[in-house]
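A.B. asks: What follows is input.txt, made up of compact mmCIF, C-alpha atoms:
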# COMPACT_ATOMS: atom_id res chain seq x y z
CA MET A 60 -11.75 -19.78 -0.17
CA SER A 61 -8.11 -19.49 0.65
CA PHE A 62 -5.71 -18.67 -2.14
CA ILE A 63 -2.37 -20.43 -2.04
CA ASN A 64 0.36 -19.05 -4.22
CA TYR A 65 3.04 -21.74 -4.35
CA SER A 66 5.14 -19.60 -6.62
CA ALA A 67 5.31 -16.62 -4.22
CA ARG A 68 4.94 -18.97 -1.20
CA GLU A 69 1.93 -17.15 0.20
CA ILE A 70 -1.29 -18.22 1.88
CA ASN A 71 -4.15 -15.71 1.63
CA CYS A 72 -7.30 -16.10 3.72
CA LYS A 73 -10.48 -14.07 4.15
CA LEU A 74 -12.00 -13.46 7.59
CA VAL A 75 -15.35 -11.73 8.02
CA TYR A 76 -16.63 -9.90 11.12
CA TYR A 77 -20.43 -10.19 11.25
CA GLY A 78 -23.00 -8.87 13.73
CA PRO A 79 -25.84 -6.42 14.32
CA GLY A 80 -25.54 -2.70 13.64
CA LEU A 81 -23.28 -0.78 16.04
CA CYS A 82 -21.98 -3.95 17.75
CA GLY A 83 -18.35 -2.93 17.19
CA LYS A 84 -17.17 -4.74 14.07
CA THR A 85 -15.45 -1.69 12.61
CA THR A 86 -14.04 -0.85 16.07
CA ASN A 87 -12.44 -4.33 16.19
CA LEU A 88 -10.66 -3.65 12.91
CA GLN A 89 -9.67 -0.14 13.95
CA PHE A 90 -8.08 -1.48 17.13
CA ILE A 91 -6.21 -4.22 15.24
CA TYR A 92 -5.03 -1.60 12.75
CA SER A 93 -3.83 0.75 15.49
CA LYS A 94 -1.85 -1.96 17.29
CA THR A 95 -0.23 -3.67 14.32
CA ARG A 96 3.28 -2.82 13.22
CA PRO A 97 3.33 -0.80 9.97
CA GLU A 98 5.26 -3.51 8.09
CA SER A 99 2.58 -6.09 8.93
CA LYS A 100 -0.45 -4.20 7.73
CA GLY A 101 -1.80 -2.49 4.65
CA LYS A 102 -4.14 0.45 4.44
CA MET A 103 -7.48 0.12 6.23
CA ILE A 104 -10.34 0.95 3.92
CA SER A 105 -13.80 1.88 5.19
CA LEU A 106 -16.66 2.32 2.77
CA ALA A 107 -18.93 4.23 5.13
CA THR A 108 -21.80 6.71 5.07
CA GLU A 109 -21.33 10.35 6.05
CA THR A 110 -22.38 9.40 9.57
CA GLU A 111 -19.62 6.75 9.69
CA ARG A 112 -21.95 3.80 9.45
CA THR A 113 -20.51 0.99 7.31
CA LEU A 114 -22.09 1.17 3.87
CA PHE A 115 -20.41 -1.74 2.13
CA PHE A 116 -17.40 -3.03 4.05
CA ASP A 117 -14.24 -2.26 5.98
CA PHE A 118 -11.09 -3.97 4.77
CA LEU A 119 -7.80 -4.54 6.56
CA PRO A 120 -4.97 -6.66 5.12
CA LEU A 121 -2.66 -8.22 7.73
CA SER A 122 0.50 -10.30 7.48
CA LEU A 123 0.99 -12.62 10.41
CA GLY A 124 4.40 -14.05 9.60
CA GLU A 125 5.59 -17.30 8.09
CA ILE A 126 4.47 -20.84 8.55
CA ARG A 127 6.58 -23.60 6.99
CA GLY A 128 8.10 -21.02 4.66
CA PHE A 129 4.75 -19.62 3.53
CA LYS A 130 3.81 -16.03 4.28
CA THR A 131 0.37 -15.92 5.89
CA ARG A 132 -1.84 -13.04 4.87
CA PHE A 133 -5.28 -12.43 6.27
CA HIS A 134 -7.80 -10.11 4.69
CA LEU A 135 -10.19 -8.88 7.37
CA TYR A 136 -13.61 -7.65 6.29
CA THR A 137 -16.61 -6.32 8.20
CA VAL A 138 -20.17 -6.33 6.88
CA PRO A 139 -22.66 -3.47 7.21
CA GLY A 140 -24.72 -4.40 10.27
CA GLN A 141 -27.89 -2.47 9.52
CA VAL A 142 -30.74 -4.79 8.55
CA PHE A 143 -31.48 -3.23 5.16
CA TYR A 144 -27.96 -3.82 3.81
CA ASP A 145 -28.56 -7.55 3.51
CA ALA A 146 -27.65 -7.75 -0.18
CA SER A 147 -24.20 -6.30 0.61
CA ARG A 148 -23.68 -8.72 3.50
CA LYS A 149 -24.29 -11.66 1.18
CA LEU A 150 -21.65 -10.42 -1.25
CA ILE A 151 -19.01 -10.01 1.44
CA LEU A 152 -19.53 -13.58 2.67
CA LYS A 153 -18.49 -14.93 -0.74
CA GLY A 154 -15.25 -16.86 -0.49
CA VAL A 155 -15.04 -16.53 3.29
CA ASP A 156 -12.58 -18.73 5.22
CA GLY A 157 -13.65 -17.86 8.76
CA VAL A 158 -16.34 -15.85 10.53
CA CYS A 159 -16.33 -13.91 13.78
CA PHE A 160 -19.78 -13.06 15.11
CA VAL A 161 -19.57 -9.89 17.19
CA ALA A 162 -22.47 -9.79 19.64
CA ASP A 163 -23.52 -6.64 21.45
CA SER A 164 -23.74 -7.57 25.15
CA GLN A 165 -26.36 -4.94 26.01
CA LEU A 166 -29.76 -6.30 27.04
CA GLU A 167 -31.58 -4.02 24.60
CA ARG A 168 -29.57 -5.49 21.69
CA MET A 169 -30.30 -9.16 22.37
CA GLU A 170 -33.04 -9.33 19.79
CA ALA A 171 -30.76 -7.71 17.22
CA ASN A 172 -28.05 -10.28 18.05
CA ILE A 173 -30.41 -13.19 17.52
CA GLU A 174 -31.71 -11.73 14.29
CA SER A 175 -28.20 -11.10 12.98
CA LEU A 176 -27.01 -14.60 13.89
CA ASP A 177 -29.99 -16.14 12.08
CA ASN A 178 -29.22 -13.91 9.14
CA LEU A 179 -25.57 -15.05 9.15
CA ARG A 180 -26.57 -18.72 9.10
CA PHE A 181 -29.09 -18.12 6.33
CA ASN A 182 -26.75 -16.05 4.17
CA LEU A 183 -23.95 -18.59 4.55
CA GLU A 184 -26.28 -21.39 3.52
CA GLU A 185 -27.20 -19.43 0.42
CA GLN A 186 -23.51 -19.43 -0.52
CA GLY A 187 -23.20 -23.15 0.18
CA TYR A 188 -21.54 -22.88 3.61
CA ASP A 189 -22.64 -24.40 6.91
CA LEU A 190 -21.95 -22.25 9.98
CA ASP A 191 -21.44 -25.43 12.01
CA LYS A 192 -18.62 -26.56 9.71
CA ILE A 193 -16.59 -23.47 8.89
CA PRO A 194 -14.04 -21.79 11.21
CA TYR A 195 -16.16 -19.70 13.54
CA VAL A 196 -15.76 -17.77 16.82
CA ILE A 197 -18.05 -15.50 18.85
CA GLN A 198 -17.07 -12.29 20.55
CA TYR A 199 -19.27 -10.79 23.27
CA ASN A 200 -18.44 -7.14 22.90
CA LYS A 201 -19.21 -4.16 25.16
CA ARG A 202 -18.72 -6.17 28.36
CA ASP A 203 -17.90 -2.91 30.13
CA LEU A 204 -21.37 -1.42 29.70
CA PRO A 205 -23.78 -1.36 32.66
CA SER A 206 -26.61 -3.10 30.81
CA ALA A 207 -24.41 -6.01 29.70
CA VAL A 208 -26.23 -9.34 29.92
CA PRO A 209 -24.51 -12.02 32.08
CA LEU A 210 -22.17 -14.26 30.11
CA ASP A 211 -24.17 -17.43 30.81
CA GLU A 212 -27.22 -15.90 29.28
CA LEU A 213 -25.38 -14.77 26.14
CA ARG A 214 -23.85 -18.21 25.79
CA ALA A 215 -27.21 -19.96 26.16
CA THR A 216 -28.79 -17.70 23.56
CA LEU A 217 -26.02 -17.31 20.99
CA ASN A 218 -23.56 -20.15 21.42
CA SER A 219 -25.47 -23.40 21.65
CA ASN A 220 -22.69 -25.20 19.76
CA ASN A 221 -19.99 -24.12 22.17
CA VAL A 222 -17.64 -22.54 19.64
CA PRO A 223 -14.67 -20.55 21.01
CA GLU A 224 -16.01 -17.38 22.62
CA PHE A 225 -14.39 -14.22 23.94
CA GLU A 226 -15.44 -11.34 26.12
CA ALA A 227 -14.33 -8.02 24.71
CA CYS A 228 -14.38 -4.30 24.87
CA ALA A 229 -13.35 -3.33 21.35
CA VAL A 230 -12.93 0.35 22.22
CA THR A 231 -10.12 -0.43 24.69
CA GLY A 232 -9.03 -3.51 22.73
CA GLU A 233 -9.68 -6.04 25.43
CA GLY A 234 -10.28 -9.45 23.86
CA VAL A 235 -9.85 -8.15 20.30
CA PHE A 236 -6.59 -9.96 19.49
CA ASP A 237 -7.65 -13.11 21.38
CA THR A 238 -10.66 -13.29 19.08
CA LEU A 239 -8.60 -12.75 15.93
CA LYS A 240 -5.97 -15.29 16.94
CA ALA A 241 -8.56 -17.96 17.71
CA LEU A 242 -10.21 -17.46 14.35
CA ALA A 243 -6.94 -17.38 12.40
CA LYS A 244 -5.86 -20.59 14.15
CA GLN A 245 -9.05 -22.35 13.15
CA VAL A 246 -8.61 -21.25 9.54
CA LEU A 247 -5.02 -22.55 9.42
CA THR A 248 -6.07 -25.79 11.07
CA GLU A 249 -8.74 -26.17 8.40
CA LEU A 250 -6.07 -25.61 5.75
CA ARG A 251 -4.05 -28.44 7.26
CA LYS A 252 -7.07 -30.73 6.85
CA GLY A 253 -6.97 -29.93 3.17
CA GLY A 254 -9.40 -27.00 3.04
CA MET B 1091 -17.52 -26.60 -0.89
CA LEU B 1092 -18.90 -24.15 -3.39
CA ASN B 1093 -15.64 -22.30 -3.94
CA PRO B 1094 -12.73 -24.67 -4.29
CA GLN B 1095 -9.42 -23.38 -3.00
CA LEU B 1096 -7.38 -21.53 -5.57
CA ALA B 1097 -3.84 -22.87 -5.76
CA LEU B 1098 -1.31 -21.37 -8.15
CA TYR B 1099 2.02 -22.87 -9.12
CA ASP B 1100 5.13 -21.47 -10.81
CA GLU B 1101 4.12 -22.77 -14.21
CA GLU B 1102 0.70 -21.09 -14.35
CA LEU B 1103 1.90 -17.94 -12.66
CA THR B 1104 4.60 -17.53 -15.30
CA GLU B 1105 1.99 -17.94 -18.04
CA ILE B 1106 -0.37 -15.48 -16.34
CA ARG B 1107 2.41 -12.92 -15.95
CA GLU B 1108 3.31 -13.30 -19.61
CA VAL B 1109 -0.29 -12.54 -20.59
CA ALA B 1110 -0.31 -9.50 -18.27
CA ASP B 1111 2.99 -8.21 -19.65
CA ARG B 1112 1.87 -8.70 -23.24
CA LEU B 1113 -1.41 -6.90 -22.58
CA HIS B 1114 0.45 -4.09 -20.84
CA GLN B 1115 2.66 -3.63 -23.86
CA ASP B 1116 0.07 -4.15 -26.63
CA SER B 1117 -2.63 -1.97 -25.08
CA ARG B 1118 -0.19 0.79 -24.02
CA ALA B 1119 -1.97 0.82 -20.67
CA ARG B 1120 -0.38 2.00 -17.42
CA THR B 1121 -1.13 -0.98 -15.25
CA ILE B 1122 -2.59 -4.45 -15.54
CA LEU B 1123 -3.90 -6.30 -12.48
CA ILE B 1124 -5.20 -9.84 -12.37
CA VAL B 1125 -7.32 -10.28 -9.27
CA ASP B 1126 -9.45 -13.15 -8.05
CA LYS B 1127 -13.11 -12.42 -7.33
CA ASN B 1128 -12.42 -12.44 -3.60
CA GLY B 1129 -10.03 -9.53 -3.92
CA GLN B 1130 -6.66 -11.33 -3.85
CA LEU B 1131 -4.07 -10.03 -6.29
CA ILE B 1132 -2.71 -12.82 -8.50
CA ALA B 1133 -0.42 -10.99 -10.89
CA ALA B 1134 0.36 -7.48 -12.09
CA SER B 1135 2.26 -5.65 -14.78
CA GLY B 1136 3.35 -2.03 -14.94
CA VAL B 1137 2.81 -1.31 -11.25
CA ASP B 1138 4.64 1.72 -9.88
CA ALA B 1139 5.71 1.94 -6.25
CA GLU B 1140 2.94 4.29 -5.08
CA LEU B 1141 0.12 2.08 -6.28
CA ASP B 1142 -1.56 0.26 -3.38
CA THR B 1143 -2.40 -2.93 -5.24
CA THR B 1144 -3.80 -4.69 -2.14
CA SER B 1145 -6.44 -2.02 -1.54
CA LEU B 1146 -7.12 -1.68 -5.23
CA SER B 1147 -7.70 -5.43 -5.60
CA SER B 1148 -10.11 -5.52 -2.68
CA LEU B 1149 -12.10 -2.54 -3.96
CA VAL B 1150 -12.22 -3.90 -7.51
CA ALA B 1151 -13.58 -7.19 -6.16
CA GLY B 1152 -16.15 -5.29 -4.07
CA ASN B 1153 -17.18 -3.31 -7.12
CA VAL B 1154 -17.53 -6.41 -9.29
CA ALA B 1155 -19.44 -8.20 -6.52
CA ALA B 1156 -21.86 -5.27 -6.19
CA THR B 1157 -22.40 -5.15 -9.95
CA GLY B 1158 -22.90 -8.92 -9.94
CA GLY B 1159 -25.57 -8.40 -7.27
CA ILE B 1160 -27.32 -5.88 -9.52
CA ALA B 1161 -27.16 -8.33 -12.44
CA LYS B 1162 -28.79 -11.01 -10.31
CA LEU B 1163 -31.58 -8.65 -9.25
CA ILE B 1164 -32.50 -7.79 -12.82
CA GLU B 1165 -32.05 -11.42 -13.88
CA GLU B 1166 -29.06 -10.74 -16.07
CA GLU B 1167 -26.52 -13.53 -15.85
CA GLU B 1168 -23.43 -11.39 -15.34
CA PHE B 1169 -22.02 -8.05 -16.44
CA THR B 1170 -18.77 -9.24 -17.89
CA GLY B 1171 -17.25 -5.81 -18.43
CA GLN B 1172 -17.13 -2.48 -16.62
CA TYR B 1173 -15.58 0.82 -17.51
CA HIS B 1174 -14.96 3.84 -15.29
CA GLU B 1175 -13.87 6.99 -17.06
CA GLY B 1176 -11.66 9.43 -15.20
CA LYS B 1177 -10.09 12.76 -16.14
CA GLU B 1178 -6.59 11.33 -16.25
CA ILE B 1179 -6.90 7.61 -15.65
CA SER B 1180 -9.69 5.25 -16.64
CA VAL B 1181 -10.34 1.72 -15.47
CA HIS B 1182 -11.51 -1.22 -17.53
CA MET B 1183 -12.55 -4.43 -15.74
CA THR B 1184 -13.44 -7.76 -17.30
CA ILE B 1185 -14.50 -11.00 -15.66
CA VAL B 1186 -12.44 -13.92 -16.94
CA ALA B 1187 -13.39 -17.59 -16.58
CA ARG B 1188 -16.12 -16.54 -14.09
CA ARG B 1189 -13.68 -16.19 -11.20
CA ILE B 1190 -10.93 -13.77 -12.20
CA ILE B 1191 -11.05 -10.01 -12.79
CA LEU B 1192 -8.75 -8.50 -15.37
CA VAL B 1193 -8.17 -4.83 -14.52
CA VAL B 1194 -6.60 -2.32 -16.90
CA LEU B 1195 -5.68 1.20 -15.76
CA PHE B 1196 -4.99 3.45 -18.71
CA ASP B 1197 -4.47 7.11 -19.58
CA LYS B 1198 -4.44 9.26 -22.72
CA ASN B 1199 -1.53 7.27 -24.06
CA THR B 1200 -4.04 4.83 -25.49
CA THR B 1201 -7.74 4.54 -26.30
CA GLN B 1202 -10.60 2.59 -24.84
CA GLY B 1203 -11.03 0.86 -28.20
CA LEU B 1204 -7.48 -0.44 -28.24
CA VAL B 1205 -7.73 -1.53 -24.61
CA ARG B 1206 -10.94 -3.43 -25.31
CA LEU B 1207 -9.44 -5.11 -28.35
CA ARG B 1208 -6.33 -6.27 -26.50
CA VAL B 1209 -8.31 -7.29 -23.43
CA LYS B 1210 -10.37 -9.61 -25.61
CA LYS B 1211 -7.23 -11.44 -26.70
CA ALA B 1212 -5.83 -11.57 -23.16
CA ASN B 1213 -9.20 -12.82 -21.90
CA GLU B 1214 -9.01 -15.82 -24.21
CA ALA B 1215 -5.47 -16.65 -23.13
CA LEU B 1216 -6.32 -16.32 -19.42
CA THR B 1217 -9.49 -18.38 -19.78
CA GLY B 1218 -7.38 -21.21 -21.17
CA ILE B 1219 -4.91 -20.98 -18.29
CA PHE B 1220 -7.54 -20.82 -15.51
CA ASP B 1221 -9.71 -23.55 -17.04
CA ALA B 1222 -6.65 -25.83 -17.20
CA LEU B 1223 -5.78 -24.89 -13.62
CA ALA B 1224 -9.29 -25.74 -12.42
CA ALA B 1225 -9.04 -29.15 -14.07
CA LYS B 1226 -5.58 -29.84 -12.68
CA PRO B 1227 -5.43 -32.53 -9.98
CA LYS B 1228 -4.03 -31.47 -6.62
CA GLY B 1229 -0.28 -31.92 -6.60
CA ALA B 1230 2.12 -33.19 -4.00
CA GLN B 1231 2.80 -29.63 -2.88
CA GLU B 1232 -0.49 -29.59 -0.96
CA ASP B 1233 1.06 -32.03 1.48
CA VAL B 1234 3.12 -29.18 2.90
CA PHE B 1235 0.07 -28.05 4.81
CA LYS B 1236 -0.71 -31.47 6.20
CA GLU B 1237 2.58 -31.28 8.06
CA ILE B 1238 1.69 -28.06 9.87
CA THR B 1239 1.70 -28.69 13.61
CA ASP B 1240 -0.22 -26.92 16.38
CA GLU B 1241 3.13 -25.53 17.45
CA ASP B 1242 3.71 -23.97 14.00
CA ILE B 1243 0.37 -22.22 14.28
CA ASP B 1244 1.01 -21.08 17.87
CA ASN B 1245 4.45 -19.75 16.91
CA LEU B 1246 2.83 -17.50 14.35
CA PHE B 1247 1.17 -15.53 17.11
CA GLY B 1248 4.14 -15.29 19.43
CA PRO B 1249 3.95 -15.53 23.20
Output the structure of this file as structure tokens.
C.D. replies:
Amino acid sequence: MSFINYSAREINCKLVYYGPGLCGKTTNLQFIYSKTRPESKGKMISLATETERTLFFDFLPLSLGEIRGFKTRFHLYTVPGQVFYDASRKLILKGVDGVCFVADSQLERMEANIESLDNLRFNLEEQGYDLDKIPYVIQYNKRDLPSAVPLDELRATLNSNNVPEFEACAVTGEGVFDTLKALAKQVLTELRKGG
Amino acid sequence: MLNPQLALYDEELTEIREVADRLHQDSRARTILIVDKNGQLIAASGVDAELDTTSLSSLVAGNVAATGGIAKLIEEEEFTGQYHEGKEISVHMTIVARRIILVVLFDKNTTQGLVRLRVKKANEALTGIFDALAAKPKGAQEDVFKEITDEDIDNLFGP
């Protein structure tokens, strides 16, 4: 649910990075944080366990500039990927404007990808959203790893609806901003349609 | 859509700010924040420069969401109020009109009793404003977004 403040001329939107445990959601946000000018970003907050696994969420506020005189602000959130944090994932999806599914390209994580994607669809439906109708992109992360599954196979398994997809290596940042831009564009386009 | 878009205009924002300012004064609290349940800051009163209101709003919303999740699990409709006691500063949070969180940060300059009393009054005023806002038909200002072109969106991201 975007929040439009006509008085302050601001558009605020919420983007959520979803995916299986250790797929690189937090790493995406960390890279965006490290490469964004200080005046365009707020503090990055990570609610994590002692072993740096996301416990509740990561949060990064970004300002992207103005559009028709309105400041555009995006609040980026990640969910905890581990299966047993499902209740927290549901909460973070509340009021979402766009979702990025971060898939782990490694062969041994394919089952986890499928399970997480099913979980995303189910949790969205519980909140009254349809994954086929909301702004949505897929990122195939960890393309640099030796056990990475070929792109065609990932596409056939995870992207049957042909949504915008990006190959990435979140650690080096490859594909990270392309993914974010594509998602932000879809959200703004949706806003144009009247949200 | 389950969550309709929240649009705020000058008129309501002025009213909301007035409620926040009044509560700030009457409760003798340090800071008042009015945050939507998704963590977006709507209005504030008594904010000093060091306070990171963006982070605070997001965390407050996360906190309220988590507590709401607990309520659901134990089949309680909603916990409408929360209180966190600190050594120097305490936090009082109240859910208003089911979608807004009224946050009061206060210190030894006041008491929890006074804060609660004043919050109750502010809650009523804010409920009236947000209920009226929810019932308000979409105005002509929404058309601004219909005029956004692909080029406008592309320009936002630079070359």
A.B. asks: In Å, with one decimal, what is the gap from atom CA of Ile1190 of chain B to atom CA of Ile1164 of chain B?
C.D. replies: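 We find that atom CA of Ile1190 of chain B and atom CA of Ile1164 of chain B lie 22.4 Å from each other.
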A.B. asks: May I ask you to extract the residues of chain B within 6 Å of chain A, using only C-alpha atoms, and to give them as a ChimeraX atom specification?
C.D. replies: /B:1092-1093,1095-1100,1235-1236
A.B. asks: Please return as a PyMOL selection string every residue within 7 Å of (-12.0, -9.1, -21.6), taking into account all atoms listed in the file and the file's own coordinates.
C.D. replies: chain B and resi 1171+1184-1186+1206+1209-1210+1212-1213
A.B. asks: Quote the spacing between atom CA of Thr110 of chain A and atom CA of Lys84 of chain A in Å to one decimal place.
C.D. replies: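 Separation between atom CA of Thr110 of chain A and atom CA of Lys84 of chain A: 15.7 Å.
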A.B. asks: Could you jot down the atom CA of Pro97 of chain A to atom CA of Thr231 of chain A separation for me, Å, one decimal place?
C.D. replies: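 About the pair atom CA of Pro97 of chain A and atom CA of Thr231 of chain A: they are 19.9 Å apart.
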A.B. asks: Can you pull out every residue within 12 Å of Glu1175 of chain B, counting all atoms listed in the file, but drop anything in the same chain fewer than 3 positions away, and send it as number ranges by chain?
C.D. replies: B: 1172, 1178-1183, 1194-1198, 1201-1202
A.B. asks: List the spatial neighbours of Gly157 of chain A as a list in words - criterion: any atom at most 6 Å away, only C-alpha atoms, same-chain residues fewer than 2 positions off excluded.
C.D. replies: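 The residues satisfying every condition are Leu74, Val155, Pro194 and Tyr195 of chain A.
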A.B. asks: If we draw a sphere of 9 Å around (-11.0, -21.5, -14.5), which residues have at least one atom in it when counting only C-alpha atoms? Please report them as a PyMOL selection string.
C.D. replies: chain B and resi 1186-1190+1216-1225
A.B. asks: For the residues in the current selection, export C-alpha atoms as a short mmCIF file (atom, residue, chain, number, x, y, z; two decimals), in the frame of the given file.
C.D. replies:
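File produced: out05.cif:
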data_model
loop_
_atom_site.label_atom_id
_atom_site.label_comp_id
_atom_site.auth_asym_id
_atom_site.auth_seq_id
_atom_site.Cartn_x
_atom_site.Cartn_y
_atom_site.Cartn_z
CA VAL B 1186 -12.44 -13.92 -16.94
CA ALA B 1187 -13.39 -17.59 -16.58
CA ARG B 1188 -16.12 -16.54 -14.09
CA ARG B 1189 -13.68 -16.19 -11.20
CA ILE B 1190 -10.93 -13.77 -12.20
CA LEU B 1216 -6.32 -16.32 -19.42
CA THR B 1217 -9.49 -18.38 -19.78
CA GLY B 1218 -7.38 -21.21 -21.17
CA ILE B 1219 -4.91 -20.98 -18.29
CA PHE B 1220 -7.54 -20.82 -15.51
CA ASP B 1221 -9.71 -23.55 -17.04
CA ALA B 1222 -6.65 -25.83 -17.20
CA LEU B 1223 -5.78 -24.89 -13.62
CA ALA B 1224 -9.29 -25.74 -12.42
CA ALA B 1225 -9.04 -29.15 -14.07
#
